[in-house]
2 protein chains.
Amino acid sequence: MITPTDKKVLKRFGENLRKLRKDKGLSLREMSYACSIDNSKIAKIEKGMINITFTTLLQLAVALEAHPSMLLEYEPE
Amino acid sequence: MITPTDKKVLKRFGENLRKLRKDKGLSLREMSYACSIDNSKIAKIEKGMINITFTTLLQLAVALEAHPSMLLEYEPE
DNA sequence: AGAATTGAGGTCTTATAAGGCCGCAATTTA
DNA sequence: TAAATTGCGGCCTTATAAGACCTCAATTCT
């Protein structure tokens with residue numbers, strides 16, 4: 001079950017993801033196209049609404065042309 | 001659906017996880033205790049049998065006393 | 001040898017991620 | 001201002017992760 005603490009962690013991850021996407025100047029649909037993940041799903045991830053799997057993390061990294069570990073390097077807060 | 005390519009990626013991740021655990025001198029049960037993940041599940045992860053979620057990745061990092069991103073830093077191969 | 005530890009697979013239930021589509025309000029652009 | 005783009009939430013089905021427990025063969029320890 002997804003705890004309130006998890007919620008917070010996912011939200012923080014989402015915020016960072018959003019930042020990385022913006023920095024790369026991509027719209028949700030552009031990013032969607034770049035990694036084959038539905039744009040609405042990416043929106044949900046950025047909102048911290050879903051607990052993504054390992055493979056989804058890798059897909060996101062592809063779209064951002066970054067190393068997967070980079071998506072985890074942000075201030076936990 | 002989990003593709004053969006995903007399978008390979010998960011397997012590689014698992015091998016690395018196993019290495020990290022061994023390096024820390026932990027048995028599956030010890031690690032299980034350290035991160036509240038059933039030992040049989042950790043075994044499955046190491047075997048690349050499951051596509052773990054973001055929160056599970058964080059839990060594993062706790063047991064290894066490492067930054068989550070570290071679990072992703074290995075030779076993709 | 002006997003006991004304990006360890007890795008690992010199987011099984012069952014429940015929660016939820018994935019995948020895909022729709023629509024709409026708010027921007028942004030033409 | 002009309003038209004496109006964008007973010008985003010809802011909905012549905014299917015696949016599968018999570019979580020918990022059991023068993024057992026192979027090691028390792030005593």
# chains A, B, ... in the order shown; residues from 1 in each chain; ligands from 1
$ residues_around --residues "DA8 of chain C" --least-positions-apart "5" --cutoff "12 Å" --atoms "only C-alpha atoms (C1' of nucleotides)" --output "list in words"
Leu28, Arg29, Asn39, Ser40, Lys41, Ile42, Ala43, Lys44, Ile45, Glu46, Lys47 and Met49 of chain B; DT23, DC24, DA25 and DA26 of chain D
$ write_last_selection --atoms "N, CA, C and O atoms (P, O5', C5', C4', C3', O3' and C1' of nucleotides)" --output "compact mmCIF listing (two decimals), in the first residue's frame"
# COMPACT_ATOMS: atom_id res chain seq x y z
N LEU B 28 20.34 -12.44 2.60
CA LEU B 28 19.03 -11.99 2.14
C LEU B 28 18.15 -11.64 3.33
O LEU B 28 17.44 -10.64 3.33
N ARG B 29 18.20 -12.48 4.34
CA ARG B 29 17.36 -12.23 5.51
C ARG B 29 17.79 -11.00 6.30
O ARG B 29 16.96 -10.28 6.84
N ASN B 39 12.49 -11.52 2.23
CA ASN B 39 13.74 -12.02 1.64
C ASN B 39 13.54 -12.72 0.30
O ASN B 39 14.36 -12.61 -0.59
N SER B 40 12.41 -13.39 0.14
CA SER B 40 12.18 -14.09 -1.13
C SER B 40 11.96 -13.08 -2.25
O SER B 40 12.27 -13.34 -3.40
N LYS B 41 11.44 -11.93 -1.89
CA LYS B 41 11.21 -10.90 -2.90
C LYS B 41 12.56 -10.33 -3.35
O LYS B 41 12.79 -10.13 -4.54
N ILE B 42 13.44 -10.12 -2.39
CA ILE B 42 14.76 -9.60 -2.75
C ILE B 42 15.47 -10.60 -3.66
O ILE B 42 16.11 -10.22 -4.64
N ALA B 43 15.30 -11.87 -3.35
CA ALA B 43 15.93 -12.91 -4.19
C ALA B 43 15.39 -12.79 -5.61
O ALA B 43 16.14 -12.89 -6.58
N LYS B 44 14.09 -12.56 -5.72
CA LYS B 44 13.48 -12.44 -7.04
C LYS B 44 13.98 -11.21 -7.78
O LYS B 44 14.20 -11.23 -8.99
N ILE B 45 14.16 -10.15 -7.03
CA ILE B 45 14.66 -8.91 -7.65
C ILE B 45 16.08 -9.17 -8.18
O ILE B 45 16.41 -8.80 -9.31
N GLU B 46 16.89 -9.82 -7.36
CA GLU B 46 18.27 -10.10 -7.78
C GLU B 46 18.31 -11.00 -9.00
O GLU B 46 19.25 -10.96 -9.79
N LYS B 47 17.28 -11.82 -9.14
CA LYS B 47 17.23 -12.73 -10.29
C LYS B 47 16.59 -12.05 -11.50
O LYS B 47 16.43 -12.65 -12.55
N MET B 49 13.52 -11.13 -11.73
CA MET B 49 12.19 -11.66 -11.95
C MET B 49 11.08 -10.64 -11.77
O MET B 49 9.94 -10.89 -12.15
P DT D 23 5.16 -25.59 5.37
O5' DT D 23 6.21 -25.99 4.23
C5' DT D 23 5.79 -25.99 2.87
C4' DT D 23 6.98 -26.28 1.98
C3' DT D 23 7.99 -27.25 2.60
O3' DT D 23 8.28 -28.25 1.64
C1' DT D 23 9.09 -25.27 1.87
P DC D 24 8.99 -29.60 2.06
O5' DC D 24 10.36 -29.46 1.28
C5' DC D 24 10.39 -28.88 -0.03
C4' DC D 24 11.81 -28.52 -0.39
C3' DC D 24 12.84 -29.41 0.33
O3' DC D 24 13.88 -29.73 -0.59
C1' DC D 24 13.32 -27.15 0.72
P DA D 25 14.52 -31.17 -0.57
O5' DA D 25 15.79 -30.96 -1.51
C5' DA D 25 15.69 -30.13 -2.68
C4' DA D 25 16.93 -29.25 -2.79
C3' DA D 25 18.22 -30.00 -2.45
O3' DA D 25 19.22 -29.61 -3.38
C1' DA D 25 17.99 -28.12 -1.02
P DA D 26 20.61 -30.32 -3.38
O5' DA D 26 21.58 -29.17 -2.87
C5' DA D 26 21.54 -27.89 -3.50
C4' DA D 26 22.32 -26.90 -2.67
C3' DA D 26 23.70 -27.40 -2.23
O3' DA D 26 24.63 -26.33 -2.40
C1' DA D 26 22.49 -26.68 -0.35
$ residues_around --residues "segment 52-55 of chain A" --least-positions-apart "5" --cutoff "8 Å" --atoms "only C-alpha atoms (C1' of nucleotides)" --output "list in words"
Ile45 of chain A; Asp6, Asn51, Ile52, Thr53 and Phe54 of chain B; DA17 of chain C
$ closest_residue --among "C:DA1, C:DA30, C:DA25, C:DA18" --to "chain B" --atoms "only C-alpha atoms (C1' of nucleotides)"
C:DA18
$ residues_around --residues "Leu72 of chain B" --least-positions-apart "4" --cutoff "8 Å" --atoms "only C-alpha atoms (C1' of nucleotides)" --output "PyMOL selection string"
(chain A and resi 68-69) or (chain B and resi 13+68)
$ closest_residue --among "A:Ala66, A:Thr5, A:Lys11, A:Glu30" --to "DT5 of chain D" --atoms "only C-alpha atoms (C1' of nucleotides)"
A:Glu30
$ atom_distance --atom1 "atom C1' of DC12 of chain C" --atom2 "atom C1' of DC12 of chain D"
25.5 Å
$ atom_distance --atom1 "atom C1' of DA18 of chain D" --atom2 "atom CA of Ala63 of chain B"
17.8 Å
$ select_by_dssp --residues "chain B" --states "helix (DSSP H, G or I)" --output "mmCIF file with N, CA and C atoms, in the first residue's frame"
data_model
loop_
_atom_site.group_PDB
_atom_site.id
_atom_site.type_symbol
_atom_site.label_atom_id
_atom_site.label_comp_id
_atom_site.auth_asym_id
_atom_site.auth_seq_id
_atom_site.Cartn_x
_atom_site.Cartn_y
_atom_site.Cartn_z
ATOM 1 N N PRO B 4 11.452 -8.881 -23.630
ATOM 2 C CA PRO B 4 12.704 -9.611 -23.412
ATOM 3 C C PRO B 4 13.823 -8.624 -23.087
ATOM 4 N N THR B 5 13.764 -7.465 -23.701
ATOM 5 C CA THR B 5 14.769 -6.436 -23.442
ATOM 6 C C THR B 5 14.675 -5.987 -21.989
ATOM 7 N N ASP B 6 13.453 -5.793 -21.530
ATOM 8 C CA ASP B 6 13.244 -5.401 -20.132
ATOM 9 C C ASP B 6 13.846 -6.472 -19.232
ATOM 10 N N LYS B 7 13.573 -7.704 -19.592
ATOM 11 C CA LYS B 7 14.067 -8.835 -18.818
ATOM 12 C C LYS B 7 15.571 -8.742 -18.607
ATOM 13 N N LYS B 8 16.262 -8.438 -19.689
ATOM 14 C CA LYS B 8 17.718 -8.346 -19.635
ATOM 15 C C LYS B 8 18.160 -7.203 -18.726
ATOM 16 N N VAL B 9 17.486 -6.084 -18.863
ATOM 17 C CA VAL B 9 17.816 -4.912 -18.062
ATOM 18 C C VAL B 9 17.595 -5.191 -16.573
ATOM 19 N N LEU B 10 16.499 -5.856 -16.282
ATOM 20 C CA LEU B 10 16.187 -6.168 -14.890
ATOM 21 C C LEU B 10 17.198 -7.166 -14.326
ATOM 22 N N LYS B 11 17.614 -8.054 -15.168
ATOM 23 C CA LYS B 11 18.578 -9.070 -14.751
ATOM 24 C C LYS B 11 19.899 -8.381 -14.385
ATOM 25 N N ARG B 12 20.295 -7.470 -15.246
ATOM 26 C CA ARG B 12 21.549 -6.747 -15.008
ATOM 27 C C ARG B 12 21.457 -5.937 -13.715
ATOM 28 N N PHE B 13 20.331 -5.309 -13.508
ATOM 29 C CA PHE B 13 20.127 -4.534 -12.283
ATOM 30 C C PHE B 13 20.239 -5.468 -11.077
ATOM 31 N N GLY B 14 19.607 -6.607 -11.194
ATOM 32 C CA GLY B 14 19.615 -7.576 -10.112
ATOM 33 C C GLY B 14 21.011 -8.055 -9.767
ATOM 34 N N GLU B 15 21.792 -8.306 -10.790
ATOM 35 C CA GLU B 15 23.158 -8.769 -10.561
ATOM 36 C C GLU B 15 23.940 -7.721 -9.771
ATOM 37 N N ASN B 16 23.733 -6.490 -10.157
ATOM 38 C CA ASN B 16 24.434 -5.413 -9.470
ATOM 39 C C ASN B 16 23.957 -5.275 -8.025
ATOM 40 N N LEU B 17 22.664 -5.418 -7.851
ATOM 41 C CA LEU B 17 22.104 -5.322 -6.506
ATOM 42 C C LEU B 17 22.723 -6.398 -5.630
ATOM 43 N N ARG B 18 22.806 -7.573 -6.182
ATOM 44 C CA ARG B 18 23.385 -8.694 -5.449
ATOM 45 C C ARG B 18 24.828 -8.397 -5.043
ATOM 46 N N LYS B 19 25.557 -7.808 -5.978
ATOM 47 C CA LYS B 19 26.941 -7.465 -5.700
ATOM 48 C C LYS B 19 27.009 -6.468 -4.538
ATOM 49 N N LEU B 20 26.166 -5.462 -4.588
ATOM 50 C CA LEU B 20 26.155 -4.451 -3.536
ATOM 51 C C LEU B 20 25.829 -5.071 -2.184
ATOM 52 N N ARG B 21 24.888 -5.995 -2.197
ATOM 53 C CA ARG B 21 24.504 -6.654 -0.945
ATOM 54 C C ARG B 21 25.669 -7.476 -0.405
ATOM 55 N N LYS B 22 26.280 -8.245 -1.280
ATOM 56 C CA LYS B 22 27.412 -9.084 -0.879
ATOM 57 C C LYS B 22 28.546 -8.223 -0.332
ATOM 58 N N ASP B 23 28.816 -7.135 -1.055
ATOM 59 C CA ASP B 23 29.895 -6.247 -0.628
ATOM 60 C C ASP B 23 29.662 -5.733 0.788
ATOM 61 N N LEU B 28 20.345 -12.445 2.601
ATOM 62 C CA LEU B 28 19.029 -11.987 2.143
ATOM 63 C C LEU B 28 18.150 -11.645 3.334
ATOM 64 N N ARG B 29 18.198 -12.481 4.343
ATOM 65 C CA ARG B 29 17.356 -12.235 5.512
ATOM 66 C C ARG B 29 17.790 -10.997 6.300
ATOM 67 N N GLU B 30 19.064 -10.770 6.328
ATOM 68 C CA GLU B 30 19.544 -9.574 7.030
ATOM 69 C C GLU B 30 19.094 -8.315 6.282
ATOM 70 N N MET B 31 19.235 -8.391 4.982
ATOM 71 C CA MET B 31 18.839 -7.236 4.179
ATOM 72 C C MET B 31 17.327 -7.044 4.281
ATOM 73 N N SER B 32 16.628 -8.155 4.287
ATOM 74 C CA SER B 32 15.171 -8.120 4.414
ATOM 75 C C SER B 32 14.792 -7.352 5.676
ATOM 76 N N TYR B 33 15.469 -7.678 6.752
ATOM 77 C CA TYR B 33 15.198 -7.033 8.020
ATOM 78 C C TYR B 33 15.520 -5.540 7.957
ATOM 79 N N ALA B 34 16.590 -5.224 7.236
ATOM 80 C CA ALA B 34 17.027 -3.830 7.147
ATOM 81 C C ALA B 34 16.160 -2.920 6.291
ATOM 82 N N CYS B 35 15.340 -3.496 5.438
ATOM 83 C CA CYS B 35 14.512 -2.625 4.603
ATOM 84 C C CYS B 35 13.060 -3.064 4.514
ATOM 85 N N ASN B 39 12.492 -11.516 2.225
ATOM 86 C CA ASN B 39 13.736 -12.025 1.640
ATOM 87 C C ASN B 39 13.538 -12.722 0.296
ATOM 88 N N SER B 40 12.414 -13.388 0.138
ATOM 89 C CA SER B 40 12.184 -14.090 -1.127
ATOM 90 C C SER B 40 11.961 -13.083 -2.254
ATOM 91 N N LYS B 41 11.435 -11.927 -1.893
ATOM 92 C CA LYS B 41 11.211 -10.904 -2.904
ATOM 93 C C LYS B 41 12.563 -10.332 -3.347
ATOM 94 N N ILE B 42 13.440 -10.119 -2.394
ATOM 95 C CA ILE B 42 14.762 -9.603 -2.745
ATOM 96 C C ILE B 42 15.469 -10.601 -3.657
ATOM 97 N N ALA B 43 15.298 -11.873 -3.351
ATOM 98 C CA ALA B 43 15.928 -12.909 -4.187
ATOM 99 C C ALA B 43 15.389 -12.792 -5.606
ATOM 100 N N LYS B 44 14.092 -12.558 -5.716
ATOM 101 C CA LYS B 44 13.478 -12.445 -7.045
ATOM 102 C C LYS B 44 13.984 -11.208 -7.780
ATOM 103 N N ILE B 45 14.162 -10.145 -7.030
ATOM 104 C CA ILE B 45 14.664 -8.911 -7.645
ATOM 105 C C ILE B 45 16.079 -9.170 -8.183
ATOM 106 N N GLU B 46 16.889 -9.822 -7.359
ATOM 107 C CA GLU B 46 18.265 -10.101 -7.779
ATOM 108 C C GLU B 46 18.310 -11.004 -9.002
ATOM 109 N N PHE B 54 9.436 2.453 -7.836
ATOM 110 C CA PHE B 54 10.285 3.518 -7.314
ATOM 111 C C PHE B 54 10.490 3.399 -5.804
ATOM 112 N N THR B 55 9.408 3.213 -5.087
ATOM 113 C CA THR B 55 9.518 3.126 -3.627
ATOM 114 C C THR B 55 10.318 1.905 -3.164
ATOM 115 N N THR B 56 10.211 0.823 -3.915
ATOM 116 C CA THR B 56 10.983 -0.363 -3.547
ATOM 117 C C THR B 56 12.462 -0.071 -3.743
ATOM 118 N N LEU B 57 12.760 0.644 -4.803
ATOM 119 C CA LEU B 57 14.156 1.014 -5.069
ATOM 120 C C LEU B 57 14.706 1.813 -3.893
ATOM 121 N N LEU B 58 13.902 2.735 -3.389
ATOM 122 C CA LEU B 58 14.344 3.546 -2.262
ATOM 123 C C LEU B 58 14.560 2.691 -1.013
ATOM 124 N N GLN B 59 13.699 1.716 -0.826
ATOM 125 C CA GLN B 59 13.833 0.840 0.340
ATOM 126 C C GLN B 59 15.142 0.061 0.278
ATOM 127 N N LEU B 60 15.445 -0.430 -0.916
ATOM 128 C CA LEU B 60 16.675 -1.200 -1.083
ATOM 129 C C LEU B 60 17.878 -0.319 -0.753
ATOM 130 N N ALA B 61 17.796 0.928 -1.178
ATOM 131 C CA ALA B 61 18.893 1.862 -0.922
ATOM 132 C C ALA B 61 19.090 2.056 0.574
ATOM 133 N N VAL B 62 17.995 2.050 1.303
ATOM 134 C CA VAL B 62 18.075 2.210 2.761
ATOM 135 C C VAL B 62 18.893 1.059 3.353
ATOM 136 N N ALA B 63 18.549 -0.155 2.947
ATOM 137 C CA ALA B 63 19.254 -1.325 3.470
ATOM 138 C C ALA B 63 20.736 -1.285 3.137
ATOM 139 N N LEU B 64 21.052 -0.742 1.979
ATOM 140 C CA LEU B 64 22.461 -0.700 1.565
ATOM 141 C C LEU B 64 23.152 0.567 2.051
ATOM 142 N N PRO B 68 20.010 6.249 -3.525
ATOM 143 C CA PRO B 68 19.268 5.483 -4.530
ATOM 144 C C PRO B 68 19.937 5.486 -5.905
ATOM 145 N N SER B 69 20.448 6.627 -6.300
ATOM 146 C CA SER B 69 21.059 6.704 -7.624
ATOM 147 C C SER B 69 22.243 5.755 -7.766
ATOM 148 N N MET B 70 22.830 5.417 -6.619
ATOM 149 C CA MET B 70 23.971 4.513 -6.671
ATOM 150 C C MET B 70 23.588 3.126 -7.173
ATOM 151 N N LEU B 71 22.359 2.748 -6.902
ATOM 152 C CA LEU B 71 21.914 1.416 -7.333
ATOM 153 C C LEU B 71 21.776 1.337 -8.851
ATOM 154 N N LEU B 72 21.860 2.493 -9.487
ATOM 155 C CA LEU B 72 21.717 2.508 -10.947
ATOM 156 C C LEU B 72 23.049 2.703 -11.645
#
$ closest_residue --among "C:DA3, C:DA26, C:DA15, C:DC21" --to "DT13 of chain D" --atoms "only C-alpha atoms (C1' of nucleotides)"
C:DC21
$ residues_around --residues "DT27 of chain D" --least-positions-apart "2" --cutoff "12 Å" --atoms "only C-alpha atoms (C1' of nucleotides)" --output "PDB file with all heavy atoms, in the first residue's frame"
ATOM      1  P    DA C   4      19.116 -25.770  16.047  1.00  0.00           P
ATOM      2  OP1  DA C   4      18.984 -25.152  17.388  1.00  0.00           O
ATOM      3  OP2  DA C   4      17.950 -26.418  15.408  1.00  0.00           O
ATOM      4  O5'  DA C   4      19.701 -24.666  15.059  1.00  0.00           O
ATOM      5  C5'  DA C   4      20.966 -24.082  15.346  1.00  0.00           C
ATOM      6  C4'  DA C   4      21.459 -23.301  14.144  1.00  0.00           C
ATOM      7  O4'  DA C   4      21.747 -24.200  13.046  1.00  0.00           O
ATOM      8  C3'  DA C   4      20.471 -22.259  13.623  1.00  0.00           C
ATOM      9  O3'  DA C   4      21.149 -21.010  13.545  1.00  0.00           O
ATOM     10  C2'  DA C   4      20.084 -22.777  12.239  1.00  0.00           C
ATOM     11  C1'  DA C   4      21.294 -23.613  11.837  1.00  0.00           C
ATOM     12  N9   DA C   4      21.010 -24.714  10.923  1.00  0.00           N
ATOM     13  C8   DA C   4      20.078 -25.705  11.073  1.00  0.00           C
ATOM     14  N7   DA C   4      20.056 -26.577  10.084  1.00  0.00           N
ATOM     15  C5   DA C   4      21.045 -26.117   9.229  1.00  0.00           C
ATOM     16  C6   DA C   4      21.529 -26.604   7.999  1.00  0.00           C
ATOM     17  N6   DA C   4      21.056 -27.693   7.393  1.00  0.00           N
ATOM     18  N1   DA C   4      22.522 -25.908   7.402  1.00  0.00           N
ATOM     19  C2   DA C   4      23.004 -24.819   8.010  1.00  0.00           C
ATOM     20  N3   DA C   4      22.633 -24.273   9.169  1.00  0.00           N
ATOM     21  C4   DA C   4      21.636 -24.973   9.730  1.00  0.00           C
ATOM     22  P    DT C   5      20.360 -19.676  13.114  1.00  0.00           P
ATOM     23  OP1  DT C   5      20.865 -18.555  13.925  1.00  0.00           O
ATOM     24  OP2  DT C   5      18.914 -19.978  13.029  1.00  0.00           O
ATOM     25  O5'  DT C   5      20.926 -19.497  11.637  1.00  0.00           O
ATOM     26  C5'  DT C   5      22.339 -19.610  11.411  1.00  0.00           C
ATOM     27  C4'  DT C   5      22.616 -19.519   9.931  1.00  0.00           C
ATOM     28  O4'  DT C   5      22.259 -20.755   9.270  1.00  0.00           O
ATOM     29  C3'  DT C   5      21.867 -18.406   9.208  1.00  0.00           C
ATOM     30  O3'  DT C   5      22.828 -17.673   8.454  1.00  0.00           O
ATOM     31  C2'  DT C   5      20.864 -19.139   8.325  1.00  0.00           C
ATOM     32  C1'  DT C   5      21.574 -20.468   8.071  1.00  0.00           C
ATOM     33  N1   DT C   5      20.718 -21.642   7.769  1.00  0.00           N
ATOM     34  C2   DT C   5      21.015 -22.394   6.644  1.00  0.00           C
ATOM     35  O2   DT C   5      21.914 -22.123   5.883  1.00  0.00           O
ATOM     36  N3   DT C   5      20.204 -23.482   6.452  1.00  0.00           N
ATOM     37  C4   DT C   5      19.167 -23.900   7.250  1.00  0.00           C
ATOM     38  O4   DT C   5      18.531 -24.908   6.978  1.00  0.00           O
ATOM     39  C5   DT C   5      18.905 -23.058   8.407  1.00  0.00           C
ATOM     40  C7   DT C   5      17.781 -23.404   9.329  1.00  0.00           C
ATOM     41  C6   DT C   5      19.688 -21.977   8.604  1.00  0.00           C
ATOM     42  P    DT C   6      22.468 -16.291   7.765  1.00  0.00           P
ATOM     43  OP1  DT C   6      23.677 -15.440   7.749  1.00  0.00           O
ATOM     44  OP2  DT C   6      21.198 -15.780   8.329  1.00  0.00           O
ATOM     45  O5'  DT C   6      22.219 -16.796   6.288  1.00  0.00           O
ATOM     46  C5'  DT C   6      23.220 -17.577   5.645  1.00  0.00           C
ATOM     47  C4'  DT C   6      22.731 -18.042   4.294  1.00  0.00           C
ATOM     48  O4'  DT C   6      21.905 -19.217   4.449  1.00  0.00           O
ATOM     49  C3'  DT C   6      21.874 -17.011   3.548  1.00  0.00           C
ATOM     50  O3'  DT C   6      22.496 -16.684   2.323  1.00  0.00           O
ATOM     51  C2'  DT C   6      20.538 -17.714   3.312  1.00  0.00           C
ATOM     52  C1'  DT C   6      20.900 -19.184   3.468  1.00  0.00           C
ATOM     53  N1   DT C   6      19.794 -20.038   3.957  1.00  0.00           N
ATOM     54  C2   DT C   6      19.520 -21.208   3.277  1.00  0.00           C
ATOM     55  O2   DT C   6      20.136 -21.569   2.309  1.00  0.00           O
ATOM     56  N3   DT C   6      18.487 -21.935   3.791  1.00  0.00           N
ATOM     57  C4   DT C   6      17.704 -21.615   4.884  1.00  0.00           C
ATOM     58  O4   DT C   6      16.801 -22.362   5.256  1.00  0.00           O
ATOM     59  C5   DT C   6      18.043 -20.375   5.544  1.00  0.00           C
ATOM     60  C7   DT C   6      17.262 -19.920   6.731  1.00  0.00           C
ATOM     61  C6   DT C   6      19.061 -19.656   5.045  1.00  0.00           C
ATOM     62  P    DG C   7      21.935 -15.490   1.428  1.00  0.00           P
ATOM     63  OP1  DG C   7      23.063 -14.659   0.966  1.00  0.00           O
ATOM     64  OP2  DG C   7      20.784 -14.843   2.100  1.00  0.00           O
ATOM     65  O5'  DG C   7      21.393 -16.321   0.191  1.00  0.00           O
ATOM     66  C5'  DG C   7      22.260 -17.257  -0.443  1.00  0.00           C
ATOM     67  C4'  DG C   7      21.491 -18.066  -1.460  1.00  0.00           C
ATOM     68  O4'  DG C   7      20.540 -18.922  -0.798  1.00  0.00           O
ATOM     69  C3'  DG C   7      20.688 -17.230  -2.452  1.00  0.00           C
ATOM     70  O3'  DG C   7      20.863 -17.814  -3.739  1.00  0.00           O
ATOM     71  C2'  DG C   7      19.254 -17.341  -1.951  1.00  0.00           C
ATOM     72  C1'  DG C   7      19.243 -18.731  -1.319  1.00  0.00           C
ATOM     73  N9   DG C   7      18.324 -18.914  -0.206  1.00  0.00           N
ATOM     74  C8   DG C   7      18.106 -18.060   0.843  1.00  0.00           C
ATOM     75  N7   DG C   7      17.244 -18.521   1.715  1.00  0.00           N
ATOM     76  C5   DG C   7      16.876 -19.758   1.211  1.00  0.00           C
ATOM     77  C6   DG C   7      15.965 -20.728   1.720  1.00  0.00           C
ATOM     78  O6   DG C   7      15.312 -20.697   2.759  1.00  0.00           O
ATOM     79  N1   DG C   7      15.870 -21.844   0.891  1.00  0.00           N
ATOM     80  C2   DG C   7      16.559 -21.992  -0.290  1.00  0.00           C
ATOM     81  N2   DG C   7      16.353 -23.124  -0.964  1.00  0.00           N
ATOM     82  N3   DG C   7      17.412 -21.101  -0.773  1.00  0.00           N
ATOM     83  C4   DG C   7      17.513 -20.007   0.024  1.00  0.00           C
TER      84       DG C   7
ATOM     85  P    DA D  25      14.524 -31.173  -0.566  1.00  0.00           P
ATOM     86  OP1  DA D  25      13.600 -32.115  -1.227  1.00  0.00           O
ATOM     87  OP2  DA D  25      14.998 -31.431   0.812  1.00  0.00           O
ATOM     88  O5'  DA D  25      15.789 -30.957  -1.511  1.00  0.00           O
ATOM     89  C5'  DA D  25      15.692 -30.128  -2.676  1.00  0.00           C
ATOM     90  C4'  DA D  25      16.932 -29.252  -2.786  1.00  0.00           C
ATOM     91  O4'  DA D  25      16.847 -28.140  -1.861  1.00  0.00           O
ATOM     92  C3'  DA D  25      18.224 -30.002  -2.448  1.00  0.00           C
ATOM     93  O3'  DA D  25      19.217 -29.605  -3.376  1.00  0.00           O
ATOM     94  C2'  DA D  25      18.553 -29.535  -1.034  1.00  0.00           C
ATOM     95  C1'  DA D  25      17.991 -28.117  -1.020  1.00  0.00           C
ATOM     96  N9   DA D  25      17.542 -27.648   0.300  1.00  0.00           N
ATOM     97  C8   DA D  25      16.787 -28.336   1.212  1.00  0.00           C
ATOM     98  N7   DA D  25      16.508 -27.641   2.300  1.00  0.00           N
ATOM     99  C5   DA D  25      17.121 -26.417   2.084  1.00  0.00           C
ATOM    100  C6   DA D  25      17.206 -25.243   2.861  1.00  0.00           C
ATOM    101  N6   DA D  25      16.619 -25.095   4.050  1.00  0.00           N
ATOM    102  N1   DA D  25      17.908 -24.216   2.361  1.00  0.00           N
ATOM    103  C2   DA D  25      18.495 -24.359   1.150  1.00  0.00           C
ATOM    104  N3   DA D  25      18.482 -25.403   0.322  1.00  0.00           N
ATOM    105  C4   DA D  25      17.778 -26.412   0.853  1.00  0.00           C
ATOM    106  P    DC D  29      30.727 -20.652   7.967  1.00  0.00           P
ATOM    107  OP1  DC D  29      30.985 -19.205   8.193  1.00  0.00           O
ATOM    108  OP2  DC D  29      31.820 -21.532   7.509  1.00  0.00           O
ATOM    109  O5'  DC D  29      30.118 -21.251   9.317  1.00  0.00           O
ATOM    110  C5'  DC D  29      28.838 -20.794   9.751  1.00  0.00           C
ATOM    111  C4'  DC D  29      28.391 -21.567  10.985  1.00  0.00           C
ATOM    112  O4'  DC D  29      27.996 -22.923  10.620  1.00  0.00           O
ATOM    113  C3'  DC D  29      29.442 -21.709  12.095  1.00  0.00           C
ATOM    114  O3'  DC D  29      28.799 -21.438  13.337  1.00  0.00           O
ATOM    115  C2'  DC D  29      29.887 -23.172  11.980  1.00  0.00           C
ATOM    116  C1'  DC D  29      28.595 -23.843  11.506  1.00  0.00           C
ATOM    117  N1   DC D  29      28.756 -25.109  10.748  1.00  0.00           N
ATOM    118  C2   DC D  29      28.014 -26.231  11.126  1.00  0.00           C
ATOM    119  O2   DC D  29      27.268 -26.157  12.112  1.00  0.00           O
ATOM    120  N3   DC D  29      28.123 -27.374  10.402  1.00  0.00           N
ATOM    121  C4   DC D  29      28.927 -27.415   9.339  1.00  0.00           C
ATOM    122  N4   DC D  29      28.984 -28.558   8.637  1.00  0.00           N
ATOM    123  C5   DC D  29      29.705 -26.281   8.932  1.00  0.00           C
ATOM    124  C6   DC D  29      29.591 -25.158   9.660  1.00  0.00           C
TER     125       DC D  29
END
$ atom_distance --atom1 "atom C1' of DT16 of chain C" --atom2 "atom CA of Thr3 of chain A"
13.0 Å
